[in-house]
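Listing of query33.cif; format and content: mmCIF, C-alpha atoms and all ligand atoms.
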data_run
loop_
_atom_site.label_atom_id
_atom_site.label_comp_id
_atom_site.auth_asym_id
_atom_site.auth_seq_id
_atom_site.Cartn_x
_atom_site.Cartn_y
_atom_site.Cartn_z
CA MET A 1 -18.73 9.84 10.92
CA THR A 2 -20.08 6.29 11.03
CA ALA A 3 -18.31 3.82 8.79
CA ARG A 4 -19.98 3.19 5.46
CA PRO A 5 -18.76 0.42 3.15
CA LEU A 6 -17.96 1.80 -0.30
CA ILE A 7 -16.32 -1.22 -1.92
CA GLU A 8 -17.23 -4.75 -0.83
CA LEU A 9 -15.95 -8.04 -2.20
CA ARG A 10 -17.81 -11.07 -0.90
CA ASP A 11 -16.22 -14.47 -1.44
CA VAL A 12 -14.94 -13.39 -4.82
CA SER A 13 -13.10 -15.80 -7.08
CA LYS A 14 -11.77 -15.28 -10.57
CA VAL A 15 -10.60 -18.10 -12.79
CA PHE A 16 -9.12 -17.41 -16.23
CA ARG A 17 -9.81 -20.16 -18.74
CA THR A 18 -7.79 -20.01 -21.91
CA SER A 19 -8.35 -22.77 -24.43
CA GLY A 20 -5.52 -25.27 -24.59
CA ARG A 21 -4.18 -24.16 -21.18
CA ASP A 22 -4.83 -25.08 -17.58
CA PRO A 23 -7.24 -22.67 -15.86
CA VAL A 24 -5.57 -19.99 -13.69
CA THR A 25 -7.19 -19.14 -10.37
CA ALA A 26 -6.18 -15.46 -10.07
CA LEU A 27 -8.38 -14.78 -7.02
CA ASP A 28 -9.72 -17.28 -4.55
CA GLY A 29 -12.41 -16.46 -1.96
CA ILE A 30 -11.62 -12.77 -1.43
CA ASP A 31 -13.51 -10.95 1.34
CA LEU A 32 -12.74 -7.25 1.58
CA THR A 33 -14.47 -4.09 2.75
CA VAL A 34 -13.21 -0.60 1.96
CA GLU A 35 -14.98 2.02 4.05
CA ALA A 36 -15.77 5.50 2.72
CA GLY A 37 -12.84 7.80 3.50
CA ASP A 38 -10.24 5.03 3.73
CA VAL A 39 -6.92 4.78 2.00
CA PHE A 40 -6.87 1.01 1.59
CA ALA A 41 -3.79 -0.74 0.22
CA ILE A 42 -3.55 -4.15 -1.36
CA ILE A 43 -0.01 -5.44 -1.39
CA GLY A 44 1.32 -8.53 -3.10
CA HIS A 45 4.12 -9.84 -5.25
CA SER A 46 3.92 -10.04 -9.04
CA GLY A 47 1.19 -12.45 -10.08
CA ALA A 48 -0.59 -12.37 -6.70
CA GLY A 49 -3.79 -11.13 -8.38
CA LYS A 50 -3.70 -7.39 -7.58
CA SER A 51 -4.52 -6.08 -11.04
CA THR A 52 -7.28 -8.63 -11.45
CA LEU A 53 -8.81 -7.52 -8.16
CA VAL A 54 -8.79 -3.86 -9.11
CA ARG A 55 -10.27 -4.65 -12.53
CA LEU A 56 -13.17 -6.41 -10.81
CA VAL A 57 -13.99 -3.24 -8.86
CA ASN A 58 -14.68 -1.25 -12.01
CA ALA A 59 -16.06 -4.32 -13.79
CA LEU A 60 -13.40 -4.41 -16.49
CA GLU A 61 -13.35 -8.09 -15.48
CA ARG A 62 -16.30 -10.13 -14.28
CA VAL A 63 -16.14 -12.40 -11.24
CA THR A 64 -16.29 -16.17 -11.67
CA SER A 65 -18.17 -16.39 -8.36
CA GLY A 66 -18.98 -14.12 -5.44
CA ARG A 67 -20.22 -10.54 -5.40
CA VAL A 68 -18.74 -7.07 -5.88
CA ILE A 69 -20.71 -4.22 -4.33
CA VAL A 70 -19.78 -0.61 -5.07
CA ASP A 71 -21.46 2.14 -3.07
CA GLY A 72 -24.36 -0.16 -2.25
CA THR A 73 -24.87 -1.39 -5.82
CA ASP A 74 -24.18 -5.05 -6.56
CA ILE A 75 -22.30 -4.74 -9.87
CA THR A 76 -21.77 -8.47 -10.32
CA ALA A 77 -24.54 -8.90 -12.85
CA LEU A 78 -25.11 -5.32 -13.95
CA GLY A 79 -25.57 -4.49 -17.63
CA GLU A 80 -23.21 -2.13 -19.49
CA ARG A 81 -25.56 0.87 -19.32
CA ARG A 82 -25.94 0.78 -15.55
CA LEU A 83 -22.26 -0.06 -15.14
CA ARG A 84 -21.38 3.20 -16.84
CA ALA A 85 -23.13 5.08 -14.03
CA VAL A 86 -21.15 3.14 -11.41
CA ARG A 87 -17.88 3.71 -13.29
CA ARG A 88 -18.51 7.46 -13.21
CA GLU A 89 -17.96 7.24 -9.46
CA ILE A 90 -14.55 5.61 -9.98
CA GLY A 91 -11.36 7.30 -11.20
CA MET A 92 -8.24 5.34 -12.02
CA ILE A 93 -4.52 6.06 -12.28
CA PHE A 94 -1.88 3.77 -13.76
CA GLN A 95 1.79 2.87 -13.48
CA GLN A 96 2.50 4.07 -17.04
CA PHE A 97 0.19 7.11 -16.66
CA ASN A 98 -1.77 6.27 -19.87
CA LEU A 99 -1.91 9.89 -21.07
CA LEU A 100 -2.86 10.80 -24.64
CA ARG A 101 0.41 11.89 -26.21
CA SER A 102 -1.28 13.93 -28.92
CA ARG A 103 -3.09 16.13 -26.40
CA THR A 104 -1.79 18.80 -24.06
CA VAL A 105 -2.07 18.56 -20.29
CA PHE A 106 -5.25 20.63 -20.57
CA GLY A 107 -6.59 18.35 -23.31
CA ASN A 108 -5.90 15.22 -21.28
CA VAL A 109 -7.72 16.48 -18.19
CA ALA A 110 -10.56 17.94 -20.27
CA TYR A 111 -11.07 14.64 -22.11
CA PRO A 112 -13.38 12.87 -19.60
CA LEU A 113 -15.39 16.07 -19.18
CA LYS A 114 -15.91 16.36 -22.95
CA ILE A 115 -17.10 12.77 -23.04
CA ALA A 116 -19.48 13.53 -20.19
CA GLY A 117 -20.87 16.41 -22.29
CA TRP A 118 -19.79 19.36 -20.13
CA PRO A 119 -20.10 22.87 -21.66
CA LYS A 120 -16.81 24.44 -22.79
CA ALA A 121 -16.72 27.21 -20.17
CA ASP A 122 -17.34 24.74 -17.35
CA ILE A 123 -14.59 22.47 -18.69
CA GLU A 124 -12.10 25.37 -18.68
CA ARG A 125 -12.99 26.31 -15.12
CA ARG A 126 -12.85 22.75 -13.88
CA VAL A 127 -9.54 21.90 -15.58
CA ALA A 128 -7.91 25.05 -14.15
CA GLU A 129 -9.18 24.09 -10.70
CA LEU A 130 -7.81 20.54 -11.01
CA LEU A 131 -4.42 21.62 -12.38
CA THR A 132 -4.11 24.10 -9.52
CA PHE A 133 -4.92 21.37 -7.02
CA VAL A 134 -2.24 19.03 -8.40
CA GLY A 135 0.25 21.90 -8.79
CA ILE A 136 0.88 21.98 -12.57
CA LEU A 137 -1.30 24.80 -13.88
CA ASP A 138 1.83 26.33 -15.47
CA LYS A 139 2.19 23.19 -17.64
CA ALA A 140 -1.35 23.33 -19.06
CA TRP A 141 -0.15 23.76 -22.67
CA HIS A 142 2.71 21.25 -22.48
CA TYR A 143 2.49 17.81 -24.06
CA PRO A 144 3.08 14.64 -21.99
CA ASP A 145 6.49 14.03 -23.62
CA GLN A 146 7.66 17.38 -22.22
CA LEU A 147 6.86 16.34 -18.63
CA SER A 148 8.74 14.41 -15.95
CA GLY A 149 7.27 11.17 -14.58
CA GLY A 150 5.98 12.91 -11.47
CA GLN A 151 4.30 15.64 -13.56
CA LYS A 152 2.71 13.00 -15.80
CA GLN A 153 1.24 11.25 -12.78
CA ARG A 154 -0.12 14.61 -11.52
CA VAL A 155 -1.91 14.94 -14.86
CA GLY A 156 -3.15 11.37 -14.44
CA ILE A 157 -4.52 12.24 -11.01
CA ALA A 158 -6.19 15.45 -12.26
CA ARG A 159 -7.80 13.53 -15.12
CA ALA A 160 -9.00 10.76 -12.80
CA LEU A 161 -10.60 13.34 -10.49
CA ALA A 162 -12.18 15.42 -13.28
CA THR A 163 -15.71 14.13 -12.89
CA ASP A 164 -15.52 14.19 -9.10
CA PRO A 165 -15.50 10.43 -8.38
CA LYS A 166 -15.99 9.00 -4.89
CA ILE A 167 -13.34 6.33 -5.45
CA LEU A 168 -9.82 6.48 -6.86
CA LEU A 169 -8.13 3.24 -7.92
CA ALA A 170 -4.34 3.57 -7.99
CA ASP A 171 -2.68 0.60 -9.72
CA GLU A 172 1.09 0.69 -9.03
CA SER A 173 0.82 4.45 -9.49
CA THR A 174 4.32 5.20 -8.21
CA SER A 175 6.20 2.12 -9.42
CA ALA A 176 7.72 3.97 -12.38
CA LEU A 177 8.93 6.88 -10.23
CA ASP A 178 12.11 7.53 -8.25
CA PRO A 179 11.82 7.58 -4.43
CA GLU A 180 11.64 11.37 -4.10
CA THR A 181 8.96 11.74 -6.79
CA THR A 182 7.13 8.77 -5.26
CA ALA A 183 6.97 10.61 -1.94
CA GLU A 184 5.57 13.75 -3.66
CA VAL A 185 2.91 11.79 -5.52
CA LEU A 186 1.93 9.92 -2.34
CA ARG A 187 1.60 13.23 -0.49
CA LEU A 188 -0.68 14.45 -3.27
CA LEU A 189 -2.79 11.28 -3.04
CA LYS A 190 -3.07 11.80 0.70
CA ARG A 191 -4.43 15.32 0.01
CA VAL A 192 -6.90 13.84 -2.47
CA ASN A 193 -8.13 11.69 0.38
CA THR A 194 -8.17 14.23 3.21
CA GLU A 195 -9.10 17.44 1.33
CA LEU A 196 -11.46 16.04 -1.30
CA GLY A 197 -12.77 13.10 0.72
CA VAL A 198 -12.00 10.58 -2.04
CA THR A 199 -11.69 6.95 -0.95
CA ILE A 200 -8.51 5.44 -2.39
CA LEU A 201 -7.72 1.81 -3.20
CA VAL A 202 -3.97 1.48 -3.72
CA ILE A 203 -2.44 -1.54 -5.41
CA THR A 204 1.26 -1.93 -4.78
CA HIS A 205 4.15 -4.33 -4.31
CA GLU A 206 6.00 -1.85 -2.09
CA MET A 207 5.46 -1.84 1.66
CA GLU A 208 6.95 1.66 1.82
CA VAL A 209 3.94 2.91 -0.19
CA VAL A 210 1.62 1.23 2.32
CA ARG A 211 3.46 2.83 5.23
CA GLU A 212 3.40 6.29 3.66
CA ILE A 213 -0.23 6.52 2.68
CA ALA A 214 -2.57 3.75 3.80
CA ASP A 215 -4.83 3.36 6.84
CA ARG A 216 -5.66 -0.27 6.15
CA VAL A 217 -3.89 -3.00 4.23
CA ALA A 218 -4.67 -6.44 2.84
CA VAL A 219 -1.83 -8.80 1.90
CA LEU A 220 -2.52 -10.82 -1.22
CA ASP A 221 -0.61 -14.04 -1.83
CA SER A 222 -1.39 -16.42 -4.72
CA GLY A 223 -4.92 -15.08 -5.08
CA ARG A 224 -5.81 -15.19 -1.38
CA ILE A 225 -5.81 -12.55 1.32
CA VAL A 226 -3.47 -13.92 3.96
CA GLU A 227 -3.77 -11.00 6.35
CA GLN A 228 -5.58 -7.69 6.64
CA GLY A 229 -6.07 -4.96 9.20
CA THR A 230 -4.95 -1.47 10.13
CA VAL A 231 -1.48 -0.62 8.87
CA LEU A 232 -0.35 -0.13 12.46
CA ASP A 233 -1.55 -3.60 13.53
CA VAL A 234 -0.14 -5.34 10.48
CA PHE A 235 3.25 -3.63 10.81
CA THR A 236 3.55 -4.14 14.53
CA ASP A 237 2.32 -7.71 14.66
CA PRO A 238 2.50 -9.41 11.24
CA GLN A 239 1.09 -12.94 11.40
CA HIS A 240 1.89 -14.41 8.00
CA GLU A 241 5.37 -15.09 6.62
CA THR A 242 4.66 -13.08 3.43
CA THR A 243 3.58 -10.10 5.54
CA ARG A 244 6.66 -10.41 7.74
CA ARG A 245 8.88 -10.25 4.70
CA PHE A 246 7.06 -7.17 3.36
CA VAL A 247 7.33 -5.43 6.75
CA GLU A 248 11.02 -6.28 6.90
CA THR A 249 11.63 -4.49 3.57
CA VAL A 250 10.53 -1.25 5.20
CA LEU A 251 11.92 -1.52 8.68
CA ARG A 252 15.23 -3.22 7.86
CA ASP A 253 15.53 -3.50 11.60
CA GLN A 254 17.01 -6.99 11.70
CA PRO A 255 20.49 -7.73 10.39
CA ARG A 256 20.63 -10.26 7.58
CA GLY A 257 23.17 -11.85 5.26
CA ALA A 258 26.55 -10.13 5.16
CA ASN A 259 25.48 -7.58 7.82
CA LEU A 260 24.60 -10.36 10.20
CA GLU A 261 27.89 -12.19 9.59
CA ARG A 262 29.87 -9.00 10.20
CA ILE A 263 27.98 -8.33 13.44
CA ARG A 264 28.42 -11.93 14.59
CA THR A 265 32.17 -11.75 14.07
CA ARG A 266 32.52 -8.57 16.08
CA HIS A 267 29.95 -9.38 18.74
CA PRO A 268 30.26 -12.91 20.11
CA GLY A 269 27.68 -12.39 22.92
CA ARG A 270 24.01 -13.35 22.73
CA LEU A 271 22.18 -11.35 20.04
CA VAL A 272 18.49 -10.46 20.35
CA THR A 273 16.23 -8.06 18.50
CA ALA A 274 13.77 -6.13 20.67
CA ARG A 275 10.69 -4.40 19.20
CA VAL A 276 10.57 -0.66 19.85
CA ARG A 277 7.33 1.28 19.81
CA ASP A 278 5.98 4.43 21.38
CA GLY A 279 5.44 3.90 25.06
CA SER A 280 7.50 0.72 25.26
CA THR A 281 9.81 0.79 28.26
CA ILE A 282 12.77 -1.22 27.05
CA GLY A 283 15.03 1.76 27.84
CA ALA A 284 14.13 1.47 31.51
CA VAL A 285 14.77 -2.29 31.53
CA LEU A 286 18.12 -1.92 29.75
CA SER A 287 19.34 0.90 31.92
CA GLY A 288 18.97 -1.37 34.95
CA ALA A 289 20.54 -4.40 33.23
CA GLN A 290 23.99 -3.97 34.69
CA ALA A 291 22.84 -3.19 38.24
CA ARG A 292 20.15 -5.89 38.50
CA HIS A 293 21.59 -8.69 36.38
CA GLY A 294 25.27 -7.89 35.90
CA VAL A 295 24.66 -7.90 32.15
CA ARG A 296 26.22 -5.36 29.76
CA PHE A 297 24.63 -4.55 26.44
CA GLU A 298 25.69 -3.04 23.11
CA ILE A 299 23.30 -1.78 20.46
CA VAL A 300 24.61 -3.41 17.29
CA TYR A 301 21.89 -2.79 14.71
CA GLY A 302 18.59 -0.94 14.50
CA GLY A 303 15.90 0.78 12.48
CA ILE A 304 13.06 2.94 13.74
CA LYS A 305 10.41 4.44 11.47
CA GLU A 306 7.41 6.65 11.87
CA LEU A 307 4.11 4.87 11.33
CA GLY A 308 0.75 6.55 11.67
CA GLY A 309 2.32 9.22 13.88
CA GLN A 310 4.08 6.67 16.09
CA SER A 311 7.63 5.41 16.29
CA PHE A 312 8.12 1.79 15.47
CA GLY A 313 11.01 -0.55 14.76
CA GLY A 314 13.59 -2.82 16.31
CA LEU A 315 16.95 -2.76 18.04
CA THR A 316 19.41 -5.63 17.92
CA LEU A 317 21.42 -5.94 21.12
CA GLU A 318 24.43 -7.90 22.14
CA LEU A 319 23.99 -9.07 25.72
CA ILE A 320 27.19 -9.84 27.55
CA GLY A 321 27.15 -11.76 30.84
CA GLU A 322 26.69 -15.17 32.43
CA ASP A 323 24.01 -17.31 30.70
CA PRO A 324 21.49 -17.35 33.60
CA ASP A 325 21.87 -13.58 34.04
CA VAL A 326 21.31 -12.95 30.33
CA ASP A 327 18.27 -15.28 30.47
CA ALA A 328 16.86 -13.24 33.35
CA LEU A 329 17.34 -9.97 31.44
CA VAL A 330 15.71 -11.39 28.29
CA ALA A 331 12.76 -12.56 30.41
CA GLU A 332 12.42 -9.05 31.82
CA LEU A 333 12.56 -7.53 28.31
CA ARG A 334 9.88 -9.99 27.15
CA GLU A 335 7.54 -8.55 29.78
CA VAL A 336 7.60 -5.17 28.01
CA THR A 337 8.08 -6.07 24.33
CA GLU A 338 8.64 -8.87 21.79
CA VAL A 339 12.17 -10.22 21.73
CA GLN A 340 13.60 -12.45 19.00
CA GLU A 341 16.82 -14.42 19.17
CA VAL A 342 19.19 -13.60 16.31
CA THR A 343 20.97 -16.62 14.91
CA VAL A 344 23.33 -16.83 11.94
N1 LIG A 401 -6.52 -12.19 -18.98
C1 LIG A 401 -5.87 -13.19 -18.38
N2 LIG A 401 -5.85 -14.42 -18.90
C2 LIG A 401 -5.21 -15.44 -18.27
N3 LIG A 401 -4.55 -15.31 -17.11
C3 LIG A 401 -4.53 -14.10 -16.54
C4 LIG A 401 -5.17 -12.97 -17.13
N4 LIG A 401 -4.98 -11.89 -16.33
C5 LIG A 401 -4.23 -12.32 -15.29
N5 LIG A 401 -3.96 -13.64 -15.40
C6 LIG A 401 -3.22 -14.48 -14.43
O1 LIG A 401 -3.77 -14.28 -13.15
C7 LIG A 401 -2.75 -14.22 -12.15
C8 LIG A 401 -2.83 -12.89 -11.41
O2 LIG A 401 -2.45 -11.84 -12.29
P1 LIG A 401 -2.50 -10.29 -11.92
O3 LIG A 401 -2.04 -9.53 -13.13
O4 LIG A 401 -3.81 -9.96 -11.34
O5 LIG A 401 -1.39 -10.21 -10.77
P2 LIG A 401 -0.67 -8.94 -10.18
O6 LIG A 401 -0.56 -9.20 -8.73
O7 LIG A 401 -1.34 -7.71 -10.63
O8 LIG A 401 0.76 -9.04 -10.83
P3 LIG A 401 1.63 -7.88 -11.52
O9 LIG A 401 2.07 -7.00 -10.40
O10 LIG A 401 2.76 -8.65 -12.15
O11 LIG A 401 0.73 -7.22 -12.51
C9 LIG A 401 -1.45 -14.45 -12.88
O12 LIG A 401 -1.13 -15.82 -12.81
C10 LIG A 401 -1.77 -14.05 -14.31
O13 LIG A 401 -0.95 -14.75 -15.21
#
What would the structure in this file look like if it were written as structure tokens?
Amino acid sequence: MTARPLIELRDVSKVFRTSGRDPVTALDGIDLTVEAGDVFAIIGHSGAGKSTLVRLVNALERVTSGRVIVDGTDITALGERRLRAVRREIGMIFQQFNLLRSRTVFGNVAYPLKIAGWPKADIERRVAELLTFVGILDKAWHYPDQLSGGQKQRVGIARALATDPKILLADESTSALDPETTAEVLRLLKRVNTELGVTILVITHEMEVVREIADRVAVLDSGRIVEQGTVLDVFTDPQHETTRRFVETVLRDQPRGANLERIRTRHPGRLVTARVRDGSTIGAVLSGAQARHGVRFEIVYGGIKELGGQSFGGLTLELIGEDPDVDALVAELREVTEVQEVTV
């Protein structure tokens, strides 16, 4: 399938002006393209501008400058009536689920279909289909308060998909859930993408969410995109300090703080962290370290994760030997992977 842009932001800025206060530039010169079929993640800390960005995509907010194009339609200056047609192509799920407490699971999922004027029999068929897909058909007559967080988000997903949108916007959709439930919901979102062909824009502050579900990622920092690319590229070769810190939260492959002090005390030799990825040959280099350089090594810290079907992470090594010999080994390692010195 040839790539087709489904969501495009072109030099988009958003400035909030509140009387009596200094203007706030929430977004500044954003360029972004989400292709049809992507799971695209936007990651950033609180206040980076993530919610504002997502609200521009369904025109709940208007840009200050620049253009937003959804499925080929420039929505920047569209009137309410034509916007409604664009919004029909966009489903949304939320951190706090936003379910109607007075309605059952069935009633919540049926709600957008009623508004769209579907006949009753079609609504019943469609809701049953959706609840089966998300795995909570047996809860159809329960009320939201009787459900767990994960079940509520399944209802949220079923409701968002009711009218068969092309795009799903997920704004911190797992932030209120525990890690196990988060993993289940992310697996469901992945099925929404692969089985139903829905393009997903995920907003998150958790790199683990990006790793689990996304193909592409943009890192948002103070209203600007500081880095974007495939998840594999961004994880394996982060360029910006903010990105590096996000990647570190997932990999935890470099000792820090008390861990680092403990390691330093026990391991007085030179400490380096070597990147590990599929196909890297650091094992071969290390296994010859003693014979070729007279250098011994100890693995003192490490973390390796799966990423897009590949192994990826880092190993921290203590290298024990004469300085020039250790230098020669490090140089040899650098020929096959990135190596960072570890200093306290
Ligand atoms: N309606 C508004 N009026 C004024 N300022 C706003 C408004 N909405 C957002 N902002 C400001 O814009 C900036 C970006 O906010 P936004 O909510 O988009 O960030 P975020 O990355 O989603 O953060 P969080 O994860 O905390 O929601 C913040 O400085 C915020 O205070």
Give the residues close to ligand LIG 401 (chain A), within 12 Å, counting all atoms listed in the file; write them as a PDB file with C-alpha atoms, in the coordinates of the input.
ATOM      1  CA  SER A  13     -13.100 -15.800  -7.080  1.00  0.00           C
ATOM      2  CA  LYS A  14     -11.770 -15.280 -10.570  1.00  0.00           C
ATOM      3  CA  VAL A  15     -10.600 -18.100 -12.790  1.00  0.00           C
ATOM      4  CA  PHE A  16      -9.120 -17.410 -16.230  1.00  0.00           C
ATOM      5  CA  ARG A  17      -9.810 -20.160 -18.740  1.00  0.00           C
ATOM      6  CA  THR A  18      -7.790 -20.010 -21.910  1.00  0.00           C
ATOM      7  CA  SER A  19      -8.350 -22.770 -24.430  1.00  0.00           C
ATOM      8  CA  GLY A  20      -5.520 -25.270 -24.590  1.00  0.00           C
ATOM      9  CA  ARG A  21      -4.180 -24.160 -21.180  1.00  0.00           C
ATOM     10  CA  ASP A  22      -4.830 -25.080 -17.580  1.00  0.00           C
ATOM     11  CA  PRO A  23      -7.240 -22.670 -15.860  1.00  0.00           C
ATOM     12  CA  VAL A  24      -5.570 -19.990 -13.690  1.00  0.00           C
ATOM     13  CA  THR A  25      -7.190 -19.140 -10.370  1.00  0.00           C
ATOM     14  CA  ALA A  26      -6.180 -15.460 -10.070  1.00  0.00           C
ATOM     15  CA  LEU A  27      -8.380 -14.780  -7.020  1.00  0.00           C
ATOM     16  CA  ASP A  28      -9.720 -17.280  -4.550  1.00  0.00           C
ATOM     17  CA  ILE A  42      -3.550  -4.150  -1.360  1.00  0.00           C
ATOM     18  CA  ILE A  43      -0.010  -5.440  -1.390  1.00  0.00           C
ATOM     19  CA  GLY A  44       1.320  -8.530  -3.100  1.00  0.00           C
ATOM     20  CA  HIS A  45       4.120  -9.840  -5.250  1.00  0.00           C
ATOM     21  CA  SER A  46       3.920 -10.040  -9.040  1.00  0.00           C
ATOM     22  CA  GLY A  47       1.190 -12.450 -10.080  1.00  0.00           C
ATOM     23  CA  ALA A  48      -0.590 -12.370  -6.700  1.00  0.00           C
ATOM     24  CA  GLY A  49      -3.790 -11.130  -8.380  1.00  0.00           C
ATOM     25  CA  LYS A  50      -3.700  -7.390  -7.580  1.00  0.00           C
ATOM     26  CA  SER A  51      -4.520  -6.080 -11.040  1.00  0.00           C
ATOM     27  CA  THR A  52      -7.280  -8.630 -11.450  1.00  0.00           C
ATOM     28  CA  LEU A  53      -8.810  -7.520  -8.160  1.00  0.00           C
ATOM     29  CA  VAL A  54      -8.790  -3.860  -9.110  1.00  0.00           C
ATOM     30  CA  ARG A  55     -10.270  -4.650 -12.530  1.00  0.00           C
ATOM     31  CA  LEU A  56     -13.170  -6.410 -10.810  1.00  0.00           C
ATOM     32  CA  LEU A  60     -13.400  -4.410 -16.490  1.00  0.00           C
ATOM     33  CA  GLU A  61     -13.350  -8.090 -15.480  1.00  0.00           C
ATOM     34  CA  ARG A  62     -16.300 -10.130 -14.280  1.00  0.00           C
ATOM     35  CA  PHE A  94      -1.880   3.770 -13.760  1.00  0.00           C
ATOM     36  CA  GLN A  95       1.790   2.870 -13.480  1.00  0.00           C
ATOM     37  CA  ALA A 170      -4.340   3.570  -7.990  1.00  0.00           C
ATOM     38  CA  ASP A 171      -2.680   0.600  -9.720  1.00  0.00           C
ATOM     39  CA  GLU A 172       1.090   0.690  -9.030  1.00  0.00           C
ATOM     40  CA  SER A 173       0.820   4.450  -9.490  1.00  0.00           C
ATOM     41  CA  SER A 175       6.200   2.120  -9.420  1.00  0.00           C
ATOM     42  CA  VAL A 202      -3.970   1.480  -3.720  1.00  0.00           C
ATOM     43  CA  ILE A 203      -2.440  -1.540  -5.410  1.00  0.00           C
ATOM     44  CA  THR A 204       1.260  -1.930  -4.780  1.00  0.00           C
ATOM     45  CA  HIS A 205       4.150  -4.330  -4.310  1.00  0.00           C
ATOM     46  CA  GLU A 206       6.000  -1.850  -2.090  1.00  0.00           C
ATOM     47  CA  VAL A 219      -1.830  -8.800   1.900  1.00  0.00           C
ATOM     48  CA  LEU A 220      -2.520 -10.820  -1.220  1.00  0.00           C
ATOM     49  CA  ASP A 221      -0.610 -14.040  -1.830  1.00  0.00           C
ATOM     50  CA  SER A 222      -1.390 -16.420  -4.720  1.00  0.00           C
ATOM     51  CA  GLY A 223      -4.920 -15.080  -5.080  1.00  0.00           C
ATOM     52  CA  ARG A 224      -5.810 -15.190  -1.380  1.00  0.00           C
ATOM     53  CA  ILE A 225      -5.810 -12.550   1.320  1.00  0.00           C
TER      54      ILE A 225
END
Residues of range 3-87 of chain A within 12 Å of range 149-166 of chain A: nearest atom pair and distance (Å, one decimal) for each, counting all atoms listed in the file, sorted by chain and number, as a Markdown table?
| residue | atom | partner | partner_atom | distance |
| --- | --- | --- | --- | --- |
| A:Leu6 | CA | A:Lys166 | CA | 8.8 |
| A:Ile7 | CA | A:Lys166 | CA | 10.6 |
| A:Glu35 | CA | A:Lys166 | CA | 11.4 |
| A:Ala36 | CA | A:Lys166 | CA | 8.4 |
| A:Gly37 | CA | A:Lys166 | CA | 9.0 |
| A:Asp38 | CA | A:Lys166 | CA | 11.1 |
| A:Val70 | CA | A:Lys166 | CA | 10.3 |
| A:Asp71 | CA | A:Lys166 | CA | 9.0 |
| A:Ala85 | CA | A:Pro165 | CA | 10.9 |
| A:Val86 | CA | A:Pro165 | CA | 9.7 |
| A:Arg87 | CA | A:Pro165 | CA | 8.7 |
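Taking all atoms listed in the file into account, Thr316 in chain A lies nearest to A:Val276 out of the set A:Val127, A:Ile90, A:Ala218, A:Val276.
Counting from CA of Val339 in chain A, the distance to CA of Glu208 in chain A is 23.8 Å.
Taking CA of Arg191 in chain A and CA of Ala176 in chain A as the two end points, the separation is 20.7 Å.
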### Task
Figure out the distance between CA of Ala331 in chain A and CA of Asp237 in chain A, please, to one decimal in Å.
19.5 Å
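Distance check against Val185 in chain A using only C-alpha atoms: of A:Ile299, A:Val272, A:Val209, A:Gly29, the minimum falls on A:Val209.
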### Query
With only C-alpha atoms as the basis for distance, which of A:Lys190, A:His240, A:Arg103, A:Arg277 is at the shortest distance from Asp215 in chain A?
A:Lys190
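Comparing the minimum interatomic distances between Leu286 in chain A and each of A:Leu251, A:Val68, A:Val300, A:Val330, counting all atoms listed in the file, we find that A:Val330 sits nearest.
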### Query
Any idea what's packed within 6 Å of range 136-147 of chain A, counting all atoms listed in the file, ignoring anything in its chain fewer than 3 positions away? Could you give it as JSON, numbers by chain?
{"A": [101, 104, 105, 106, 131, 132, 151]}
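Take the candidates A:Ile320, A:Val63, A:Val198, A:Val39 and check each one against Arg10 in chain A using all atoms listed in the file; the shortest distance goes to A:Val63.
Between Gly72 in chain A and the residues A:Leu100, A:Leu9, A:Ala284, A:Val109, the shortest atom-to-atom distance, using all atoms listed in the file, involves A:Leu9.
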Residues within 12 Å of (5.3, -6.1, 29.9), file coords, all atoms listed in the file, listed as a compact mmCIF listing (two decimals) with C-alpha atoms, keeping the file's coordinate frame:
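Here's the written file point-v2.txt:
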# COMPACT_ATOMS: atom_id res chain seq x y z
CA GLY A 279 5.44 3.90 25.06
CA SER A 280 7.50 0.72 25.26
CA THR A 281 9.81 0.79 28.26
CA ILE A 282 12.77 -1.22 27.05
CA ALA A 284 14.13 1.47 31.51
CA VAL A 285 14.77 -2.29 31.53
CA VAL A 330 15.71 -11.39 28.29
CA ALA A 331 12.76 -12.56 30.41
CA GLU A 332 12.42 -9.05 31.82
CA LEU A 333 12.56 -7.53 28.31
CA ARG A 334 9.88 -9.99 27.15
CA GLU A 335 7.54 -8.55 29.78
CA VAL A 336 7.60 -5.17 28.01
CA THR A 337 8.08 -6.07 24.33
CA GLU A 338 8.64 -8.87 21.79
CA VAL A 339 12.17 -10.22 21.73
### Task
Around the point (14.0, -6.4, 10.9), in the coordinates given by the file, pick out the residues reaching within 12 Å, counting only C-alpha atoms, and return them as a ChimeraX atom specification.
/A:235-236,238,244-256,259-260,272-276,301-305,312-316,339-342
Size and centre in Å, one decimal, axis-aligned box, all listed range 78-89 of chain A atoms plus 5 Å per side, as lines of an AutoDock Vina configuration file:
center_x = -21.9
center_y = 1.1
center_z = -14.5
size_x = 18.1
size_y = 22.8
size_z = 20.0
